[in-house]
$ cat upload_2.cif   # mmCIF, C-alpha atoms and all ligand atoms
data_start
#
loop_
_atom_site.label_atom_id
_atom_site.label_comp_id
_atom_site.auth_asym_id
_atom_site.auth_seq_id
_atom_site.Cartn_x
_atom_site.Cartn_y
_atom_site.Cartn_z
CA MET A 103 109.44 109.85 108.45
CA ILE A 104 106.39 111.96 107.55
CA ARG A 105 106.95 115.30 105.81
CA LYS A 106 104.88 118.17 104.44
CA ASN A 107 101.31 117.65 103.34
CA PRO A 108 100.93 115.62 100.16
CA ARG A 109 97.61 115.33 98.35
CA LEU A 110 96.54 111.79 99.11
CA ARG A 111 93.80 111.11 96.55
CA LEU A 112 95.34 110.85 93.11
CA GLY A 113 93.61 111.57 89.81
CA GLN A 114 93.90 109.34 86.74
CA THR A 115 97.12 110.91 85.41
CA GLU A 116 98.90 110.57 88.74
CA ARG A 117 97.63 107.00 89.13
CA GLN A 118 99.23 106.15 85.79
CA LEU A 119 102.54 107.59 87.03
CA MET A 120 102.32 105.44 90.18
CA ARG A 121 101.53 102.39 88.02
CA ALA A 122 104.64 103.08 85.96
CA ALA A 123 106.81 103.49 89.07
CA GLY A 124 105.49 100.26 90.58
CA LYS A 125 105.99 98.36 87.36
CA PHE A 126 109.58 99.53 86.95
CA ASN A 127 110.36 98.72 90.59
CA ALA A 128 108.98 95.20 90.12
CA GLY A 129 111.21 94.87 87.07
CA VAL A 130 114.23 95.69 89.23
CA MET A 131 113.23 92.84 91.56
CA ASP A 132 113.02 90.44 88.64
CA HIS A 133 116.36 91.74 87.34
CA ILE A 134 118.24 90.99 90.57
CA ARG A 135 116.33 87.77 91.34
CA PRO A 136 118.94 85.42 89.79
CA LEU A 137 121.65 86.99 92.01
CA VAL A 138 119.91 86.16 95.27
CA LYS A 139 121.66 82.86 95.93
CA ALA A 140 124.40 81.28 98.03
CA GLY A 141 127.88 82.73 97.55
CA VAL A 142 126.76 86.19 96.41
CA ARG A 143 127.71 89.22 98.52
CA THR A 144 124.77 91.44 99.40
CA GLU A 145 126.72 94.45 98.06
CA ALA A 146 126.78 92.78 94.62
CA ILE A 147 122.97 92.71 94.64
CA ASP A 148 122.95 96.36 95.68
CA LYS A 149 125.28 97.27 92.82
CA ALA A 150 123.01 95.48 90.35
CA VAL A 151 120.03 97.46 91.73
CA TYR A 152 121.94 100.74 91.35
CA ASP A 153 123.29 100.00 87.85
CA PHE A 154 119.97 98.76 86.41
CA THR A 155 118.02 101.68 87.91
CA VAL A 156 120.43 104.37 86.75
CA GLU A 157 120.86 102.81 83.28
CA HIS A 158 117.11 103.24 82.84
CA GLY A 159 117.28 106.88 83.93
CA HIS A 160 115.66 106.39 87.32
CA THR A 161 116.77 106.88 90.94
CA PRO A 162 117.12 104.44 93.85
CA ALA A 163 115.10 106.13 96.61
CA CYS A 164 117.08 104.56 99.44
CA LEU A 165 120.45 106.03 98.40
CA HIS A 166 121.23 108.96 100.75
CA TYR A 167 117.71 108.79 102.17
CA ALA A 168 117.63 110.86 105.36
CA GLY A 169 117.50 108.92 108.60
CA ASP A 170 117.39 110.13 112.19
CA THR A 171 121.18 110.28 112.42
CA THR A 172 122.90 109.20 109.16
CA PRO A 173 121.79 109.16 105.51
CA TYR A 174 121.23 105.65 104.18
CA PRO A 175 124.42 104.61 102.33
CA LYS A 176 123.15 102.07 99.75
CA SER A 177 120.53 101.68 97.01
CA CYS A 178 118.38 99.01 98.68
CA CYS A 179 117.88 97.21 101.97
CA ILE A 180 118.96 93.58 102.34
CA SER A 181 117.94 91.99 105.63
CA VAL A 182 119.28 88.51 106.42
CA ASN A 183 117.84 86.12 109.04
CA ASP A 184 117.41 88.04 112.33
CA VAL A 185 117.55 91.41 110.55
CA VAL A 186 113.98 92.71 110.50
CA CYS A 187 114.49 95.60 108.05
CA HIS A 188 116.93 98.27 106.82
CA GLY A 189 119.86 95.84 106.57
CA ILE A 190 122.73 97.58 104.76
CA PRO A 191 124.24 95.61 101.84
CA GLY A 192 127.90 94.76 102.43
CA ALA A 193 130.54 92.03 102.30
CA TYR A 194 128.27 89.34 103.77
CA GLU A 195 128.01 86.32 101.44
CA LEU A 196 124.60 84.66 101.32
CA ARG A 197 124.69 81.05 102.47
CA ASP A 198 122.60 77.94 102.28
CA GLY A 199 119.75 78.13 104.81
CA ASP A 200 119.53 81.94 104.98
CA ILE A 201 116.25 83.79 104.57
CA VAL A 202 116.92 87.19 103.03
CA ASN A 203 114.61 90.13 102.42
CA VAL A 204 115.42 92.44 99.52
CA ASP A 205 113.54 95.75 99.78
CA LEU A 206 113.62 97.97 96.69
CA THR A 207 112.30 101.48 96.14
CA THR A 208 112.66 103.45 92.91
CA ILE A 209 111.79 107.02 92.01
CA VAL A 210 110.38 107.09 88.46
CA ASP A 211 109.54 110.57 87.12
CA GLY A 212 109.15 111.78 90.71
CA TRP A 213 106.88 108.93 91.86
CA HIS A 214 107.85 106.01 94.13
CA GLY A 215 107.42 102.24 93.85
CA ASP A 216 108.31 100.24 97.00
CA GLN A 217 108.31 96.47 97.49
CA SER A 218 110.15 93.64 99.17
CA GLU A 219 110.40 89.88 99.06
CA THR A 220 111.97 87.36 101.39
CA PHE A 221 114.03 84.80 99.45
CA LEU A 222 114.97 81.29 100.57
CA ILE A 223 118.65 80.50 100.02
CA GLY A 224 119.16 76.77 99.38
CA GLN A 225 117.32 74.82 102.04
CA PRO A 226 116.28 76.78 105.14
CA THR A 227 114.75 74.86 108.06
CA ALA A 228 111.05 73.91 107.93
CA GLU A 229 110.52 76.46 110.71
CA ALA A 230 112.09 79.23 108.61
CA ILE A 231 110.00 78.34 105.55
CA LYS A 232 106.84 78.36 107.66
CA LEU A 233 107.70 81.87 108.88
CA VAL A 234 108.31 83.13 105.34
CA GLN A 235 105.00 81.60 104.21
CA CYS A 236 103.23 83.28 107.12
CA ALA A 237 104.60 86.74 106.22
CA PHE A 238 103.66 86.22 102.54
CA ASP A 239 100.14 85.09 103.40
CA CYS A 240 99.70 88.05 105.79
CA LEU A 241 100.40 90.48 102.94
CA TYR A 242 97.83 88.89 100.60
CA MET A 243 95.22 88.37 103.34
CA ALA A 244 95.46 92.06 104.20
CA ILE A 245 95.17 93.12 100.54
CA ASP A 246 92.13 90.85 100.09
CA ALA A 247 90.42 92.45 103.11
CA LEU A 248 90.57 95.98 101.64
CA THR A 249 87.58 97.82 100.18
CA PRO A 250 87.38 101.45 99.02
CA GLY A 251 87.04 103.74 102.04
CA CYS A 252 87.87 101.01 104.56
CA ARG A 253 89.75 101.78 107.75
CA VAL A 254 93.54 101.48 107.72
CA SER A 255 93.07 99.23 110.76
CA THR A 256 91.50 96.60 108.47
CA ILE A 257 95.11 95.61 107.75
CA GLY A 258 96.14 95.15 111.39
CA GLU A 259 92.80 93.54 112.21
CA THR A 260 93.45 90.94 109.51
CA ILE A 261 97.12 90.25 110.21
CA ALA A 262 97.44 90.36 114.00
CA PRO A 263 94.77 87.77 114.95
CA HIS A 264 95.79 85.44 112.10
CA VAL A 265 99.41 85.38 113.28
CA LYS A 266 98.59 85.21 116.98
CA ASN A 267 95.96 82.46 116.73
CA ASN A 268 97.59 80.26 114.11
CA PHE A 269 101.33 80.70 114.72
CA GLY A 270 102.12 82.60 117.93
CA TYR A 271 104.75 84.62 116.05
CA GLY A 272 105.50 88.28 116.81
CA VAL A 273 104.14 90.99 114.48
CA VAL A 274 106.45 94.02 114.47
CA ASP A 275 104.62 97.20 115.47
CA LYS A 276 107.54 99.63 115.60
CA TYR A 277 107.98 99.72 111.79
CA VAL A 278 104.93 100.21 109.60
CA GLY A 279 103.65 100.53 106.05
CA HIS A 280 103.04 104.03 104.77
CA GLY A 281 101.38 106.27 102.27
CA ILE A 282 103.55 106.68 99.17
CA GLY A 283 103.54 108.91 96.11
CA MET A 284 105.85 111.79 95.30
CA GLN A 285 107.22 111.17 98.80
CA PHE A 286 108.77 107.85 99.87
CA HIS A 287 107.01 107.91 103.25
CA GLN A 288 103.87 109.97 103.77
CA ARG A 289 100.53 109.83 105.57
CA PRO A 290 98.88 107.62 106.58
CA ASN A 291 100.94 105.26 108.72
CA VAL A 292 99.89 101.69 107.89
CA PRO A 293 100.53 99.56 110.99
CA HIS A 294 100.24 95.77 110.84
CA VAL A 295 98.51 95.63 114.21
CA PRO A 296 95.39 97.73 114.96
CA THR A 297 96.02 101.13 116.55
CA GLN A 298 93.79 104.05 117.55
CA GLN A 299 95.00 106.23 114.69
CA SER A 300 94.59 103.43 112.11
CA ARG A 301 90.94 103.02 113.22
CA ARG A 302 90.41 106.68 112.31
CA ASP A 303 92.35 106.77 109.01
CA ARG A 304 90.68 105.62 105.78
CA LEU A 305 91.91 104.13 102.53
CA ASP A 306 89.92 106.08 99.97
CA ALA A 307 89.93 105.61 96.21
CA GLY A 308 93.00 107.29 94.72
CA MET A 309 95.25 106.65 97.73
CA CYS A 310 98.57 104.79 97.38
CA PHE A 311 100.19 103.05 100.31
CA THR A 312 102.34 100.07 101.19
CA ILE A 313 101.58 96.96 103.21
CA GLU A 314 104.78 95.37 104.52
CA PRO A 315 104.26 93.02 107.46
CA MET A 316 107.36 91.97 109.39
CA VAL A 317 106.76 88.70 111.25
CA ASN A 318 109.21 87.34 113.84
CA LEU A 319 109.61 83.72 114.95
CA GLY A 320 109.90 84.92 118.57
CA THR A 321 109.37 88.30 120.14
CA HIS A 322 107.91 91.22 118.16
CA ARG A 323 110.49 93.44 119.85
CA THR A 324 113.38 94.87 117.87
CA ARG A 325 116.74 96.56 118.46
CA MET A 326 118.41 99.11 116.21
CA ASP A 327 122.14 98.78 115.57
CA THR A 328 123.60 101.92 117.10
CA ARG A 329 126.87 101.47 115.17
CA ASP A 330 125.32 102.01 111.73
CA GLY A 331 122.10 103.77 112.77
CA TRP A 332 119.96 101.62 110.43
CA THR A 333 120.07 97.83 110.86
CA VAL A 334 117.04 96.60 112.82
CA ARG A 335 117.29 93.12 114.40
CA THR A 336 114.88 91.02 116.43
CA ALA A 337 115.50 91.58 120.16
CA ASP A 338 115.96 87.81 120.65
CA ASN A 339 117.97 87.29 117.42
CA GLN A 340 115.43 84.80 116.06
CA LEU A 341 114.38 84.92 112.40
CA SER A 342 112.21 87.61 110.81
CA ALA A 343 110.45 87.63 107.42
CA GLN A 344 108.71 90.36 105.41
CA PHE A 345 106.91 90.99 102.11
CA GLU A 346 105.82 94.36 100.75
CA HIS A 347 103.71 95.70 97.90
CA THR A 348 102.70 99.20 96.85
CA ILE A 349 98.91 99.34 96.52
CA LEU A 350 96.57 101.78 94.79
CA MET A 351 93.05 101.85 96.17
CA THR A 352 90.66 102.23 93.22
CA GLU A 353 86.90 102.73 93.16
CA ASN A 354 86.71 98.96 92.58
CA GLY A 355 89.12 97.86 95.32
CA PRO A 356 92.87 97.48 95.79
CA GLU A 357 95.25 97.25 92.83
CA ILE A 358 98.76 95.90 93.43
CA LEU A 359 101.23 98.16 91.58
CA THR A 360 104.39 96.12 92.20
CA LEU A 361 103.54 92.67 90.82
CA THR A 362 106.60 90.85 89.48
CA GLN A 363 106.75 88.57 86.44
CA ASP A 364 108.94 85.92 88.03
CA GLY A 365 108.37 86.15 91.80
CA PRO A 366 105.90 84.32 94.04
CA GLN A 367 102.30 85.14 93.10
CA LYS A 368 99.22 85.16 95.34
CA GLY A 369 98.64 81.65 96.70
CA HIS A 370 102.30 80.67 96.28
CA CYS A 371 103.47 77.81 98.45
CA PHE A 372 107.08 78.06 99.65
CA SER A 373 108.97 74.81 99.89
CA VAL A 374 112.45 73.45 99.14
N1 LIG B 1 111.93 100.41 101.74
C1 LIG B 1 111.69 100.66 103.14
C2 LIG B 1 110.20 100.73 103.32
O1 LIG B 1 109.56 99.80 102.93
C3 LIG B 1 112.36 101.89 103.64
C4 LIG B 1 113.84 101.88 103.54
S1 LIG B 1 114.44 103.42 104.00
C5 LIG B 1 116.10 103.22 103.79
O2 LIG B 1 109.61 101.68 103.72
F1 LIG B 1 116.60 104.41 103.91
F2 LIG B 1 116.54 102.38 104.67
F3 LIG B 1 116.35 102.75 102.59
CO CO B 2 110.26 98.96 101.17
CO CO B 3 107.74 100.70 102.42
#
$ encode --input "upload_2.cif" --output "structure tokens"
Amino acid sequence: MIRKNPRLRLGQTERQLMRAAGKFNAGVMDHIRPLVKAGVRTEAIDKAVYDFTVEHGHTPACLHYAGDTTPYPKSCCISVNDVVCHGIPGAYELRDGDIVNVDLTTIVDGWHGDQSETFLIGQPTAEAIKLVQCAFDCLYMAIDALTPGCRVSTIGETIAPHVKNNFGYGVVDKYVGHGIGMQFHQRPNVPHVPTQQSRRDRLDAGMCFTIEPMVNLGTHRTRMDTRDGWTVRTADNQLSAQFEHTILMTENGPEILTLTQDGPQKGHCFSV
């Protein structure tokens, strides 16, 4: 959802505020990390996100976030297996073999940090682990391809051929990365496949945006759950994986604002 007309190129003071928001958000991810395991209900993870965020005087951006039909009811998104994104935490208990994306966004002093990770629960299949690795590598390959002033399409031009040629998986095009700042979602759209608009848009120094590729084992097509108005699943109910960082483009290249202490770092190899 794109609103108003934010100033996209941030000065040094605003960049520091985005750094602080990203760093806090990453700390939330590290805080809930030990909970993401078999036997835990996804609503327990959501509660931990809410409590930790509010205890530190900050705000979960997802809570009551306006959608097309209904406001989002929880403090984060937790998307299990065939759920592509916007899974609503609830009574579901994580189980051995699940792959589960936890997507966190915090408002810190008016500025947003947004990131997600896909976690392996116990021992997923080799096929599932390969998919998670692919989504993780897509995120870092795209970041590594960025230079100040590059086209937004650099991201899609890196991810789409890599996935198609080496895996044959589906790259979701319906849901995209986004500019981020004082607004959760702002210009430009950051698609993970090349588009006409992304070939026109640029990533100039001072801009903040997310990269958040969703990669599906089968079809790239998705279906929204009309009962809750949020949950997005793969059209063929095969697995989907995603990773997300908030990035600041500097005069020297991209800076990842949402690096965790304890999570998988660039080059990480997923295995069980
Ligand atoms: N965090 C998601 C993103 O990466 C957006 C979630 S919107 C919500 O853009 F309302 F579902 F929380
Ligand atoms: Co997110
Ligand atoms: Co995002």
$ residues_around --input "upload_2.cif" --residues "Ile358 (chain A)" --least-positions-apart "5" --cutoff "12 Å" --atoms "only C-alpha atoms" --output "PyMOL selection string"
chain A and resi 117+120-125+128+215-217+241-242+244-246+248+310-313+346-352+367-368
$ closest_residue --input "upload_2.cif" --among "A:Val273, A:Ala168, A:Ile282, A:Val151" --to "ligand CO 3 (chain B)" --atoms "only C-alpha atoms and all ligand atoms"
A:Ile282
$ atom_distance --input "upload_2.cif" --atom1 "CA of Glu314 (chain A)" --atom2 "CA of Phe238 (chain A)"
9.4 Å
$ residues_near_ligand --input "upload_2.cif" --ligand "ligand CO 2 (chain B)" --cutoff "12 Å" --atoms "all atoms listed in the file" --output "ChimeraX atom specification"
/A:124,127-128,131,162-164,177-181,186-189,203-208,214-220,277-282,286-287,311-316,344-348,360
$ closest_residue --input "upload_2.cif" --among "A:Leu319, A:Ala247, A:Val182, A:Leu137" --to "Val265 (chain A)" --atoms "all atoms listed in the file"
A:Leu319
$ closest_residue --input "upload_2.cif" --among "A:Gly169, A:Gly159, A:Gly141, A:Gly199" --to "ligand LIG 1 (chain B)" --atoms "only C-alpha atoms and all ligand atoms"
A:Gly169
$ atom_distance --input "upload_2.cif" --atom1 "CA of Asn267 (chain A)" --atom2 "CA of Gln225 (chain A)"
27.0 Å
$ atom_distance --input "upload_2.cif" --atom1 "CA of Ile231 (chain A)" --atom2 "CA of Leu361 (chain A)"
21.5 Å
$ closest_residue --input "upload_2.cif" --among "A:His264, A:His322, A:Arg135, A:Arg111" --to "Gly283 (chain A)" --atoms "all atoms listed in the file"
A:Arg111
$ residues_near_point --input "upload_2.cif" --point "(88.5, 97.0, 103.1)" --cutoff "12 Å" --atoms "only C-alpha atoms" --output "list in words"
Met243, Ala244, Ile245, Asp246, Ala247, Leu248, Thr249, Pro250, Gly251, Cys252, Arg253, Val254, Ser255, Thr256, Ile257, Gly258, Glu259, Thr260, Arg304, Leu305, Asp306, Ala307, Met351, Thr352, Glu353, Asn354, Gly355 and Pro356 of chain A
$ closest_residue --input "upload_2.cif" --among "A:Phe126, A:Phe221, A:Tyr167, A:Tyr271" --to "ligand LIG 1 (chain B)" --atoms "all atoms listed in the file"
A:Tyr167
$ residues_around --input "upload_2.cif" --residues "Asn183 (chain A)" --least-positions-apart "6" --cutoff "8 Å" --atoms "all atoms listed in the file" --output "list of chain:residue names"
A:Asp200, A:Ile201, A:Val202, A:Gln340, A:Leu341, A:Ser342, A:Ala343
$ closest_residue --input "upload_2.cif" --among "A:Ile261, A:Met309, A:Ala228, A:Ala150" --to "Gly113 (chain A)" --atoms "all atoms listed in the file"
A:Met309
$ build_atoms --input "upload_2.cif" --residues "region 298-323 of chain A" --atoms "N, CA and C atoms" --output "short mmCIF file (atom, residue, chain, number, x, y, z; two decimals), keeping the file's coordinate frame"
data_model
loop_
_atom_site.label_atom_id
_atom_site.label_comp_id
_atom_site.auth_asym_id
_atom_site.auth_seq_id
_atom_site.Cartn_x
_atom_site.Cartn_y
_atom_site.Cartn_z
N GLN A 298 94.85 103.03 117.50
CA GLN A 298 93.79 104.05 117.55
C GLN A 298 93.77 104.88 116.30
N GLN A 299 94.96 105.36 115.87
CA GLN A 299 95.00 106.23 114.69
C GLN A 299 94.54 105.48 113.45
N SER A 300 94.95 104.18 113.33
CA SER A 300 94.59 103.43 112.11
C SER A 300 93.09 103.14 112.07
N ARG A 301 92.40 103.18 113.22
CA ARG A 301 90.94 103.02 113.22
C ARG A 301 90.26 104.29 112.74
N ARG A 302 90.98 105.40 112.81
CA ARG A 302 90.41 106.68 112.31
C ARG A 302 90.72 106.89 110.83
N ASP A 303 91.92 106.50 110.38
CA ASP A 303 92.35 106.77 109.01
C ASP A 303 91.64 105.84 108.03
N ARG A 304 91.41 106.37 106.83
CA ARG A 304 90.68 105.62 105.78
C ARG A 304 91.54 105.43 104.56
N LEU A 305 91.25 104.38 103.81
CA LEU A 305 91.91 104.13 102.53
C LEU A 305 90.90 104.40 101.42
N ASP A 306 90.89 105.65 100.97
CA ASP A 306 89.92 106.08 99.97
C ASP A 306 90.45 105.84 98.57
N ALA A 307 89.54 105.78 97.61
CA ALA A 307 89.93 105.61 96.21
C ALA A 307 90.90 106.72 95.82
N GLY A 308 91.97 106.33 95.14
CA GLY A 308 93.00 107.29 94.72
C GLY A 308 94.20 107.32 95.64
N MET A 309 94.12 106.65 96.79
CA MET A 309 95.25 106.65 97.73
C MET A 309 96.22 105.52 97.39
N CYS A 310 97.52 105.81 97.53
CA CYS A 310 98.57 104.79 97.38
C CYS A 310 99.27 104.62 98.71
N PHE A 311 99.59 103.38 99.01
CA PHE A 311 100.19 103.05 100.31
C PHE A 311 100.88 101.71 100.19
N THR A 312 101.71 101.39 101.17
CA THR A 312 102.34 100.07 101.19
C THR A 312 101.74 99.24 102.31
N ILE A 313 101.80 97.93 102.13
CA ILE A 313 101.58 96.96 103.21
C ILE A 313 102.85 96.14 103.26
N GLU A 314 103.46 96.00 104.44
CA GLU A 314 104.78 95.37 104.52
C GLU A 314 105.01 94.68 105.85
N PRO A 315 104.17 93.67 106.15
CA PRO A 315 104.26 93.02 107.46
C PRO A 315 105.62 92.36 107.71
N MET A 316 106.17 92.64 108.90
CA MET A 316 107.36 91.97 109.39
C MET A 316 106.93 91.02 110.49
N VAL A 317 107.21 89.73 110.30
CA VAL A 317 106.76 88.70 111.25
C VAL A 317 108.00 88.00 111.81
N ASN A 318 108.04 87.90 113.16
CA ASN A 318 109.21 87.34 113.84
C ASN A 318 108.87 85.98 114.45
N LEU A 319 109.80 85.05 114.36
CA LEU A 319 109.61 83.72 114.95
C LEU A 319 109.35 83.84 116.45
N GLY A 320 110.06 84.74 117.12
CA GLY A 320 109.90 84.92 118.57
C GLY A 320 109.25 86.25 118.89
N THR A 321 109.94 87.04 119.67
CA THR A 321 109.37 88.30 120.14
C THR A 321 109.17 89.30 119.00
N HIS A 322 108.15 90.14 119.14
CA HIS A 322 107.91 91.22 118.16
C HIS A 322 108.88 92.37 118.40
N ARG A 323 109.62 92.32 119.52
CA ARG A 323 110.49 93.44 119.85
C ARG A 323 111.74 93.47 118.98
#
